[in-house]
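Shown next: upload-v1.txt, containing compact mmCIF, C-alpha atoms and all ligand atoms.
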```txt
# COMPACT_ATOMS: atom_id res chain seq x y z
CA MET V 23 -25.25 -1.41 5.82
CA THR V 24 -22.34 -3.66 6.77
CA PHE V 25 -19.89 -0.99 8.00
CA THR V 26 -20.60 -0.85 11.74
CA HIS V 27 -17.93 1.14 13.58
CA LEU V 28 -14.26 2.01 14.01
CA ALA V 29 -11.99 0.23 16.47
CA CYS V 30 -8.50 1.00 17.73
CA THR V 31 -5.74 -1.37 16.59
CA LYS V 32 -3.96 -1.05 19.93
CA CYS V 33 -6.34 -0.42 22.86
CA GLY V 34 -9.55 -1.70 21.25
CA ALA V 35 -11.56 1.50 21.95
CA THR V 36 -14.52 1.83 19.59
CA TYR V 37 -15.89 4.88 17.80
CA ASP V 38 -19.04 5.80 15.94
CA LYS V 39 -18.53 5.57 12.19
CA GLY V 40 -20.19 8.88 11.36
CA GLN V 41 -17.36 11.03 12.68
CA ARG V 42 -14.44 12.49 10.80
CA LEU V 43 -11.70 10.80 12.84
CA ASN V 44 -7.98 10.41 12.55
CA LEU V 45 -6.21 8.38 15.25
CA CYS V 46 -7.56 6.81 18.43
CA ALA V 47 -7.23 8.92 21.58
CA CYS V 48 -4.34 6.58 22.51
CA GLY V 49 -2.48 7.59 19.32
CA ALA V 50 -2.83 4.32 17.39
CA PRO V 51 -4.50 3.79 13.99
CA LEU V 52 -8.19 2.95 13.73
CA PHE V 53 -9.67 0.14 11.64
CA ALA V 54 -13.12 0.02 10.05
CA ARG V 55 -15.14 -2.94 11.28
CA TYR V 56 -18.04 -4.67 9.53
CA ASP V 57 -20.93 -7.01 10.13
CA LEU V 58 -19.14 -9.75 8.22
CA ALA V 59 -22.00 -12.24 8.51
CA ALA V 60 -24.21 -9.78 6.63
CA ALA V 61 -21.40 -9.03 4.12
CA ALA V 62 -20.92 -12.74 3.45
CA ARG V 63 -24.58 -13.17 2.54
CA ASP V 64 -24.30 -10.80 -0.44
CA MET V 65 -20.65 -11.19 -1.39
CA ARG V 66 -20.32 -14.91 -1.94
CA PRO V 67 -17.31 -15.83 -4.10
CA GLY V 68 -19.43 -17.30 -6.91
CA HIS V 69 -21.46 -14.08 -7.13
CA LEU V 70 -18.52 -11.78 -7.71
CA GLU V 71 -17.68 -12.77 -11.26
CA LEU V 72 -20.16 -10.46 -12.96
CA ARG V 73 -19.36 -7.44 -10.87
CA GLU V 74 -17.48 -4.36 -12.06
CA LYS V 75 -13.75 -4.79 -12.62
CA THR V 76 -12.68 -2.31 -9.96
CA LEU V 77 -12.04 -2.60 -6.23
CA TRP V 78 -15.65 -1.51 -5.64
CA ARG V 79 -16.67 -5.09 -6.48
CA TYR V 80 -15.99 -5.74 -2.76
CA LYS V 81 -18.41 -3.01 -1.69
CA GLU V 82 -19.83 -5.01 1.24
CA VAL V 83 -16.46 -4.83 3.00
CA LEU V 84 -15.78 -1.20 2.14
CA PRO V 85 -16.95 1.79 4.19
CA VAL V 86 -18.57 3.94 1.47
CA GLU V 87 -22.24 3.05 1.72
CA ASN V 88 -23.81 5.50 -0.72
CA PRO V 89 -22.83 4.44 -4.29
CA GLU V 90 -22.97 8.09 -5.33
CA HIS V 91 -20.13 8.86 -2.93
CA ARG V 92 -17.79 6.30 -4.52
CA LEU V 93 -15.13 8.23 -6.44
CA CYS V 94 -14.03 5.84 -9.13
CA LEU V 95 -11.31 6.30 -11.75
CA GLY V 96 -11.08 2.56 -12.48
CA GLU V 97 -8.85 1.55 -9.54
CA GLY V 98 -8.14 -2.04 -8.61
CA MET V 99 -8.69 -5.44 -10.20
CA THR V 100 -5.16 -5.28 -11.54
CA PRO V 101 -3.62 -8.34 -13.21
CA LEU V 102 -1.97 -11.12 -11.26
CA LEU V 103 0.46 -12.09 -13.99
CA GLU V 104 2.06 -15.45 -14.51
CA THR V 105 5.74 -14.68 -15.00
CA PRO V 106 7.42 -17.93 -16.03
CA ASN V 107 10.56 -16.33 -17.47
CA LEU V 108 11.19 -14.35 -14.30
CA GLY V 109 10.30 -17.44 -12.30
CA ARG V 110 12.98 -19.45 -14.11
CA ALA V 111 15.56 -16.74 -13.50
CA LEU V 112 14.68 -16.63 -9.79
CA GLY V 113 14.44 -20.40 -9.36
CA LEU V 114 10.79 -19.84 -8.41
CA PRO V 115 8.73 -21.37 -11.22
CA ASN V 116 5.46 -20.40 -9.51
CA ALA V 117 6.26 -16.69 -9.24
CA LEU V 118 3.37 -14.33 -9.97
CA VAL V 119 3.49 -10.56 -10.21
CA LYS V 120 0.67 -8.42 -8.86
CA GLU V 121 1.04 -5.61 -11.36
CA GLU V 122 -0.27 -2.39 -9.84
CA SER V 123 1.09 0.12 -12.34
CA GLY V 124 -2.14 0.13 -14.37
CA ASN V 125 -4.00 1.83 -11.55
CA PRO V 126 -5.12 5.45 -12.03
CA THR V 127 -2.12 7.77 -11.50
CA GLY V 128 0.22 4.82 -12.10
CA SER V 129 0.46 3.23 -8.68
CA PHE V 130 -1.35 1.24 -6.01
CA LYS V 131 -1.76 4.46 -4.02
CA ALA V 132 -4.94 5.01 -6.06
CA ARG V 133 -6.64 2.25 -4.07
CA GLY V 134 -6.18 3.87 -0.69
CA LEU V 135 -6.84 7.38 -1.83
CA ALA V 136 -10.03 6.42 -3.69
CA LEU V 137 -11.40 5.24 -0.35
CA ALA V 138 -9.95 8.04 1.78
CA VAL V 139 -11.21 10.86 -0.45
CA SER V 140 -14.61 9.20 -0.93
CA MET V 141 -14.96 9.00 2.85
CA ALA V 142 -13.64 12.52 3.37
CA LYS V 143 -16.36 13.77 1.04
CA THR V 144 -18.99 11.59 2.71
CA LEU V 145 -18.02 13.03 6.09
CA GLY V 146 -18.25 16.61 4.85
CA ALA V 147 -14.58 17.56 4.40
CA THR V 148 -13.76 20.22 1.84
CA ASP V 149 -9.96 20.00 2.08
CA VAL V 150 -7.70 16.95 2.30
CA CYS V 151 -3.95 16.80 2.84
CA LEU V 152 -1.01 14.43 3.22
CA PRO V 153 2.77 14.19 3.07
CA SER V 154 3.98 12.09 0.15
CA ALA V 155 6.96 10.59 -1.61
CA GLY V 156 5.12 11.34 -4.88
CA ASN V 157 2.60 8.64 -5.70
CA ALA V 158 0.24 9.19 -2.78
CA GLY V 159 0.20 12.94 -3.47
CA SER V 160 -0.78 12.56 -7.10
CA ALA V 161 -3.45 10.00 -6.19
CA LEU V 162 -4.88 12.24 -3.47
CA ALA V 163 -4.97 15.13 -5.93
CA ALA V 164 -6.66 13.07 -8.66
CA TYR V 165 -9.47 11.82 -6.42
CA ALA V 166 -9.89 15.24 -4.81
CA SER V 167 -10.29 16.77 -8.25
CA ARG V 168 -12.86 14.10 -9.16
CA GLY V 169 -14.74 14.72 -5.93
CA GLY V 170 -14.56 18.52 -5.94
CA LEU V 171 -12.30 18.78 -2.88
CA LYS V 172 -9.14 20.82 -2.46
CA ALA V 173 -5.96 18.77 -1.98
CA HIS V 174 -2.83 20.00 -0.16
CA VAL V 175 0.27 17.87 -0.76
CA PHE V 176 3.61 18.15 1.09
CA VAL V 177 6.61 16.51 -0.58
CA PRO V 178 10.38 16.33 -0.01
CA ASN V 179 12.16 18.83 -2.26
CA ASP V 180 14.15 16.17 -4.14
CA ILE V 181 10.94 14.76 -5.64
CA ALA V 182 11.03 14.02 -9.38
CA GLU V 183 9.44 16.71 -11.52
CA VAL V 184 6.87 14.35 -13.03
CA PHE V 185 5.08 14.05 -9.68
CA LEU V 186 4.98 17.83 -9.21
CA MET V 187 3.65 18.46 -12.70
CA GLU V 188 0.99 15.77 -12.39
CA THR V 189 -0.16 16.76 -8.90
CA LEU V 190 -0.37 20.44 -9.82
CA ALA V 191 -2.25 19.53 -12.98
CA TYR V 192 -5.00 17.94 -10.88
CA GLY V 193 -5.38 21.30 -9.15
CA ALA V 194 -3.70 20.52 -5.84
CA GLN V 195 -1.65 22.90 -3.74
CA VAL V 196 1.87 21.45 -3.52
CA GLU V 197 4.50 22.45 -0.94
CA THR V 198 8.06 21.19 -1.24
CA VAL V 199 9.78 20.63 2.08
CA GLU V 200 13.45 20.43 3.02
CA GLY V 201 14.06 16.93 4.40
CA LEU V 202 12.17 13.63 4.34
CA ILE V 203 8.53 12.54 4.32
CA THR V 204 8.51 12.70 8.14
CA ASP V 205 9.47 16.42 7.94
CA ALA V 206 6.76 16.98 5.32
CA GLY V 207 4.36 15.12 7.64
CA ARG V 208 5.06 17.46 10.54
CA ILE V 209 4.33 20.56 8.48
CA CYS V 210 1.24 18.97 6.95
CA ALA V 211 -0.13 17.99 10.37
CA GLY V 212 0.37 21.52 11.73
CA LEU V 213 -1.43 23.16 8.83
CA ALA V 214 -4.22 20.56 8.89
CA LYS V 215 -4.90 21.44 12.51
CA GLU V 216 -4.78 25.15 11.81
CA HIS V 217 -7.11 25.05 8.78
CA GLY V 218 -9.35 22.09 9.61
CA TRP V 219 -8.19 19.99 6.62
CA TYR V 220 -8.82 16.25 6.82
CA GLU V 221 -5.40 14.66 7.22
CA CYS V 222 -4.94 11.56 5.07
CA ALA V 223 -1.36 10.62 5.98
CA THR V 224 -0.63 6.86 6.02
CA LEU V 225 -2.76 5.16 8.71
CA LYS V 226 -3.63 8.53 10.24
CA GLU V 227 -7.16 8.07 8.95
CA PRO V 228 -8.93 4.69 8.84
CA TYR V 229 -9.84 4.39 5.16
CA ARG V 230 -6.71 4.22 3.01
CA VAL V 231 -5.99 0.81 4.50
CA GLU V 232 -9.49 -0.27 3.43
CA GLY V 233 -8.62 0.52 -0.18
CA LYS V 234 -5.29 -1.25 0.10
CA LYS V 235 -6.81 -4.35 1.65
CA THR V 236 -8.60 -5.03 -1.63
CA MET V 237 -5.24 -6.30 -2.93
CA GLY V 238 -5.71 -9.22 -0.53
CA TYR V 239 -9.26 -9.86 -1.77
CA GLU V 240 -8.09 -9.70 -5.38
CA ILE V 241 -5.20 -12.10 -4.92
CA ALA V 242 -7.56 -14.58 -3.25
CA GLU V 243 -10.21 -14.19 -5.93
CA GLN V 244 -7.68 -14.40 -8.77
CA LEU V 245 -6.30 -17.64 -7.29
CA SER V 246 -9.80 -19.12 -6.87
CA TRP V 247 -9.79 -18.42 -3.11
CA LYS V 248 -6.57 -20.24 -2.47
CA LEU V 249 -3.87 -17.98 -1.06
CA PRO V 250 -0.25 -18.15 -2.25
CA ASP V 251 2.55 -19.48 -0.05
CA ALA V 252 4.34 -16.13 0.15
CA ILE V 253 3.79 -12.44 -0.61
CA LEU V 254 6.64 -9.95 -1.11
CA TYR V 255 5.61 -6.37 -0.45
CA PRO V 256 7.74 -3.19 -0.69
CA THR V 257 7.26 -1.60 2.69
CA GLY V 258 7.35 2.08 3.52
CA GLY V 259 4.41 2.88 5.77
CA GLY V 260 3.20 -0.69 5.23
CA THR V 261 -0.47 0.07 4.54
CA GLY V 262 -0.75 -2.59 1.86
CA LEU V 263 0.75 -5.32 3.99
CA ILE V 264 -1.39 -4.35 6.97
CA GLY V 265 -4.43 -4.12 4.73
CA MET V 266 -3.93 -7.53 3.14
CA TRP V 267 -3.47 -9.09 6.57
CA LYS V 268 -6.79 -7.52 7.63
CA ALA V 269 -8.42 -8.79 4.44
CA PHE V 270 -7.33 -12.36 5.12
CA GLU V 271 -8.83 -12.22 8.61
CA GLU V 272 -12.10 -10.87 7.20
CA MET V 273 -12.17 -13.51 4.47
CA GLU V 274 -11.65 -16.29 6.99
CA THR V 275 -14.46 -14.93 9.17
CA MET V 276 -16.72 -14.89 6.11
CA GLY V 277 -15.76 -18.47 5.27
CA PHE V 278 -14.06 -17.64 1.95
CA ILE V 279 -10.70 -19.09 3.01
CA GLY V 280 -9.35 -21.32 5.77
CA PRO V 281 -6.80 -20.43 8.46
CA LYS V 282 -3.72 -20.85 6.21
CA ARG V 283 -1.95 -17.56 5.53
CA PRO V 284 0.78 -16.59 3.09
CA ARG V 285 4.16 -15.88 4.65
CA MET V 286 4.40 -12.10 4.46
CA TYR V 287 7.75 -10.54 3.56
CA ALA V 288 8.42 -6.83 4.04
CA ILE V 289 10.98 -5.56 1.54
CA GLN V 290 12.99 -2.42 2.30
CA ALA V 291 16.14 -0.67 1.09
CA ASP V 292 19.52 -0.91 2.86
CA GLY V 293 19.44 2.89 3.25
CA CYS V 294 16.11 2.87 5.11
CA ALA V 295 15.29 -0.45 6.77
CA PRO V 296 13.64 0.25 10.14
CA ILE V 297 11.28 -2.72 9.87
CA VAL V 298 14.07 -5.13 8.88
CA LYS V 299 16.15 -3.99 11.85
CA ALA V 300 13.27 -4.24 14.31
CA PHE V 301 12.28 -7.65 12.95
CA GLN V 302 15.82 -8.97 13.33
CA GLU V 303 16.12 -7.55 16.83
CA GLY V 304 12.82 -9.12 17.91
CA LYS V 305 11.25 -5.71 18.65
CA ASP V 306 7.51 -4.99 18.56
CA SER V 307 7.98 -1.51 17.12
CA ALA V 308 10.58 0.11 14.90
CA PRO V 309 12.54 3.14 16.13
CA MET V 310 13.15 6.07 13.79
CA TRP V 311 15.78 5.27 11.13
CA GLU V 312 18.34 8.08 11.06
CA GLY V 313 19.71 9.39 7.76
CA ALA V 314 17.23 7.55 5.54
CA THR V 315 18.26 7.37 1.89
CA THR V 316 17.14 5.37 -1.16
CA HIS V 317 16.17 6.10 -4.75
CA ALA V 318 13.01 4.05 -4.16
CA HIS V 319 11.31 7.04 -2.56
CA GLY V 320 8.25 5.04 -1.50
CA LEU V 321 10.55 3.05 0.79
CA ARG V 322 12.14 6.17 2.30
CA VAL V 323 9.91 6.14 5.38
CA PRO V 324 12.10 6.33 8.50
CA LYS V 325 9.23 5.84 10.95
CA ALA V 326 5.95 4.01 10.25
CA LEU V 327 2.90 4.66 12.42
CA GLY V 328 1.78 1.08 11.83
CA ASP V 329 5.17 -0.50 12.61
CA PHE V 330 3.70 -2.77 15.30
CA LEU V 331 1.01 -4.02 12.89
CA ILE V 332 3.58 -4.77 10.18
CA LEU V 333 5.86 -6.62 12.59
CA ARG V 334 2.95 -8.59 14.02
CA ALA V 335 1.84 -9.73 10.55
CA LEU V 336 5.39 -10.75 9.60
CA ARG V 337 5.74 -12.86 12.77
CA GLU V 338 2.25 -14.37 12.79
CA SER V 339 2.67 -15.41 9.16
CA HIS V 340 6.18 -16.85 9.73
CA GLY V 341 7.50 -14.41 7.16
CA ALA V 342 10.46 -12.06 7.45
CA ALA V 343 11.85 -8.68 6.45
CA VAL V 344 14.71 -8.19 4.04
CA ALA V 345 16.62 -5.20 2.70
CA VAL V 346 18.29 -4.75 -0.68
CA SER V 347 20.94 -2.31 -1.88
CA GLU V 348 20.45 0.46 -4.43
CA ALA V 349 22.37 -1.54 -7.04
CA GLU V 350 20.18 -4.57 -6.32
CA ILE V 351 17.03 -2.48 -6.79
CA ILE V 352 18.14 -1.55 -10.30
CA GLN V 353 19.21 -5.14 -10.92
CA GLY V 354 15.62 -6.21 -10.08
CA VAL V 355 14.09 -3.53 -12.32
CA LYS V 356 16.28 -4.69 -15.22
CA LEU V 357 15.66 -8.39 -14.62
CA ILE V 358 11.86 -8.17 -14.73
CA ALA V 359 12.03 -5.82 -17.72
CA ARG V 360 14.30 -8.18 -19.67
CA THR V 361 12.46 -11.38 -18.79
CA GLU V 362 8.82 -10.27 -18.73
CA GLY V 363 8.51 -6.92 -20.51
CA LEU V 364 7.49 -5.02 -17.39
CA PHE V 365 9.05 -1.62 -16.61
CA VAL V 366 8.52 -1.40 -12.88
CA ALA V 367 9.04 1.16 -10.14
CA PRO V 368 12.21 0.73 -8.05
CA GLU V 369 9.98 -0.48 -5.20
CA GLY V 370 8.92 -3.36 -7.48
CA GLY V 371 12.55 -3.93 -8.49
CA ALA V 372 13.42 -4.25 -4.80
CA CYS V 373 10.89 -7.07 -4.46
CA VAL V 374 12.28 -8.91 -7.48
CA THR V 375 15.81 -8.95 -6.06
CA ALA V 376 14.46 -9.76 -2.60
CA ALA V 377 12.81 -12.86 -4.08
CA MET V 378 16.22 -13.99 -5.30
CA LYS V 379 17.76 -13.37 -1.89
CA LEU V 380 14.96 -15.13 -0.03
CA LYS V 381 15.36 -18.12 -2.33
CA ALA V 382 19.11 -18.18 -1.68
CA SER V 383 18.58 -17.97 2.10
CA GLY V 384 16.04 -20.81 2.06
CA HIS V 385 13.00 -18.68 3.04
CA LEU V 386 11.46 -19.43 -0.35
CA SER V 387 11.64 -22.77 -2.08
CA SER V 388 11.09 -23.72 -5.70
CA GLY V 389 7.70 -25.30 -4.94
CA ASP V 390 6.30 -22.12 -3.39
CA SER V 391 3.71 -19.98 -5.10
CA VAL V 392 5.07 -16.48 -4.59
CA VAL V 393 3.32 -13.18 -5.28
CA ILE V 394 5.79 -10.37 -5.98
CA PHE V 395 4.36 -6.87 -5.86
CA ASN V 396 5.08 -4.20 -8.38
CA THR V 397 3.42 -1.19 -6.81
CA GLY V 398 3.99 1.44 -9.48
CA THR V 399 5.07 2.34 -12.98
CA GLY V 400 8.75 2.74 -13.77
CA PHE V 401 7.93 5.62 -16.12
CA LYS V 402 7.67 8.06 -13.23
CA TYR V 403 11.09 7.06 -11.90
CA VAL V 404 13.28 7.68 -14.92
CA ASP V 405 14.99 10.68 -13.27
CA ASN V 406 15.41 8.77 -10.01
CA MET V 407 16.91 5.70 -11.62
CA LYS V 408 19.09 7.46 -14.21
CA PRO V 409 22.16 7.98 -11.97
CA LEU V 410 22.19 4.28 -11.07
CA TRP V 411 21.20 2.81 -14.43
CA ASN V 412 24.67 2.35 -15.91
CA ALA V 413 26.63 2.29 -12.68
C1 LIG P 1 5.57 2.75 -5.72
C2 LIG P 1 5.48 2.61 -4.22
N1 LIG P 1 5.68 1.40 -3.68
C3 LIG P 1 5.63 1.20 -2.35
C4 LIG P 1 5.38 2.24 -1.47
C5 LIG P 1 5.29 1.95 0.01
O1 LIG P 1 3.95 1.81 0.35
P1 LIG P 1 3.46 1.72 1.85
O2 LIG P 1 3.66 3.07 2.44
O3 LIG P 1 2.04 1.29 1.79
O4 LIG P 1 4.32 0.70 2.52
C6 LIG P 1 5.14 3.53 -1.99
C7 LIG P 1 4.86 4.65 -1.09
O5 LIG P 1 5.03 5.80 -1.40
C8 LIG P 1 5.18 3.71 -3.39
O6 LIG P 1 4.96 4.91 -3.94
```

Kindly transcribe the structure held in the file into structure tokens.
Ligand SMILES: Cc1ncc(COP(=O)(O)O)c(C=O)c1O
Amino acid sequence: MTFTHLACTKCGATYDKGQRLNLCACGAPLFARYDLAAAARDMRPGHLELREKTLWRYKEVLPVENPEHRLCLGEGMTPLLETPNLGRALGLPNALVKEESGNPTGSFKARGLALAVSMAKTLGATDVCLPSAGNAGSALAAYASRGGLKAHVFVPNDIAEVFLMETLAYGAQVETVEGLITDAGRICAGLAKEHGWYECATLKEPYRVEGKKTMGYEIAEQLSWKLPDAILYPTGGGTGLIGMWKAFEEMETMGFIGPKRPRMYAIQADGCAPIVKAFQEGKDSAPMWEGATTHAHGLRVPKALGDFLILRALRESHGAAVAVSEAEIIQGVKLIARTEGLFVAPEGGACVTAAMKLKASGHLSSGDSVVIFNTGTGFKYVDNMKPLWNA
């Protein structure tokens, strides 16, 4: 039993792990904490090779202790692809793509929701809910269906039909909401309180970030425990970036890696760039972005609960935050498709173009090993991208 307790990311208050908790009493997200000395005894790098090819291979640093409670649809252990053609086009010969579209439900959201729903079930919840731009909702619904829980998903009403059809097919209740994900979040939170549903909104429960952190473990393992120089991550709520940063700290404590960290880059869209603005202004948190708009719906998050954690990771790693335009997002989608045969989500396209911009601005150099994230499949975004495709 390596999972010991929960601790607040802001005030440090600790909580017993057996409770169904959301945020700390101070309003900040909670993190799961482990006995990492004990975890390191069983999870030595050389012993991982024969383990299952899912994120559950890192079970000692995950909170689901009973193997029967692990809801698994094959999430994680996605390829870290060498992409030499893209690398040549970007002037970054050592570019790699962490290709997340092969996850269940077609995006990296499967990682977080596998953990959150497994823990919800472990802690006795019967109903789970969240607001979503599309991918998180379908992942929640898939794992809830697998685990025999009822999912309630709240989405903006301009969501592409594919997400609705898929999420409903898994048996979830879906509510479309006028406005943005923050508006959907308000309605979801109210109903969760009224009905006693376990709220799984980004960083509002402690376990999605545990699923997302496995991306950090995988990158390290896939690079033989040597981290890259830079990681480009499409940032909405920022769970993946926050999770990877946590993973690196855990890995260092366990002696898997040294103190060197990748420079972390948060990629956003010009139409919704609260983290970029706050980073540039030297702020520790990011005020609400008014009038958020982008076709990369996963990036259309005007206010992130974990803003201070994202900004801290960017600064501690000597990284940065960069925004790209809608036309540049499509340009990135087309470039990686043409050079490497990958049809990526617009969030992935944003990272491709951002790599080009970061190279031009001198943040990235040709000798750097750079991991570019594609967080989801482009197939679900055909309707979204269509108006921009031939513009
Ligand atoms: C494909 C895709 N990429 C990136 C994101 C942003 O992820 P996060 O909220 O962890 O920053 C989302 C969120 O909806 C998404 O669906």

In Å and to one decimal, atom CA of V:Gly354 is distant from atom CA of V:Leu410 by 12.4 Å

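Considering the residues V:Ala211, V:Val177, V:Ile241, V:Ala359 and counting all atoms listed in the file, ligand LIG 1 (chain P) has its shortest atom-to-atom contact with V:Val177.
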
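Closest to ligand LIG 1 (chain P) among V:Gly113, V:Pro89, V:Pro126, V:Gly134 is V:Gly134, based on only C-alpha atoms and all ligand atoms.
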
Report as a ChimeraX atom specification which protein, DNA and RNA residues come within 10 Å of ligand LIG 1 (chain P), using all atoms listed in the file. /V:122-123,128-131,134,153-159,203,223-225,230-231,234,255-265,288-290,318-323,326,328,332,366-373,395-400,402-403

Review point. Could you name the residues that touch V:Leu135 at 12 Å or less, counting all atoms listed in the file, but leaving out those on the same chain fewer than 5 positions away, as a ChimeraX atom specification?
Key: /V:92-95,97-98,125-127,129-130,140-143,150-152,154,157-169,173,221-225,227-234,261

Can you tell me, as lines of an AutoDock Vina configuration file, the centre and edge lengths (Å, one decimal) of the axis-aligned box enclosing all of stretch 121-126 of chain V's listed atoms after padding each side by 6 Å?
```
center_x = -2.0
center_y = -0.1
center_z = -12.1
size_x = 18.2
size_y = 23.1
size_z = 16.5
```

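Using only C-alpha atoms for every distance, the candidate list V:Leu331, V:Met273, V:Ala295, V:Met310 yields V:Ala295 as the residue closest to V:Ala345.
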
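Here atom CA of V:Ser246 and atom CA of V:Glu71 stand 11.0 Å from one another.
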
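Atom CA of V:Ala214 lies 8.9 Å from atom CA of V:Asp149.
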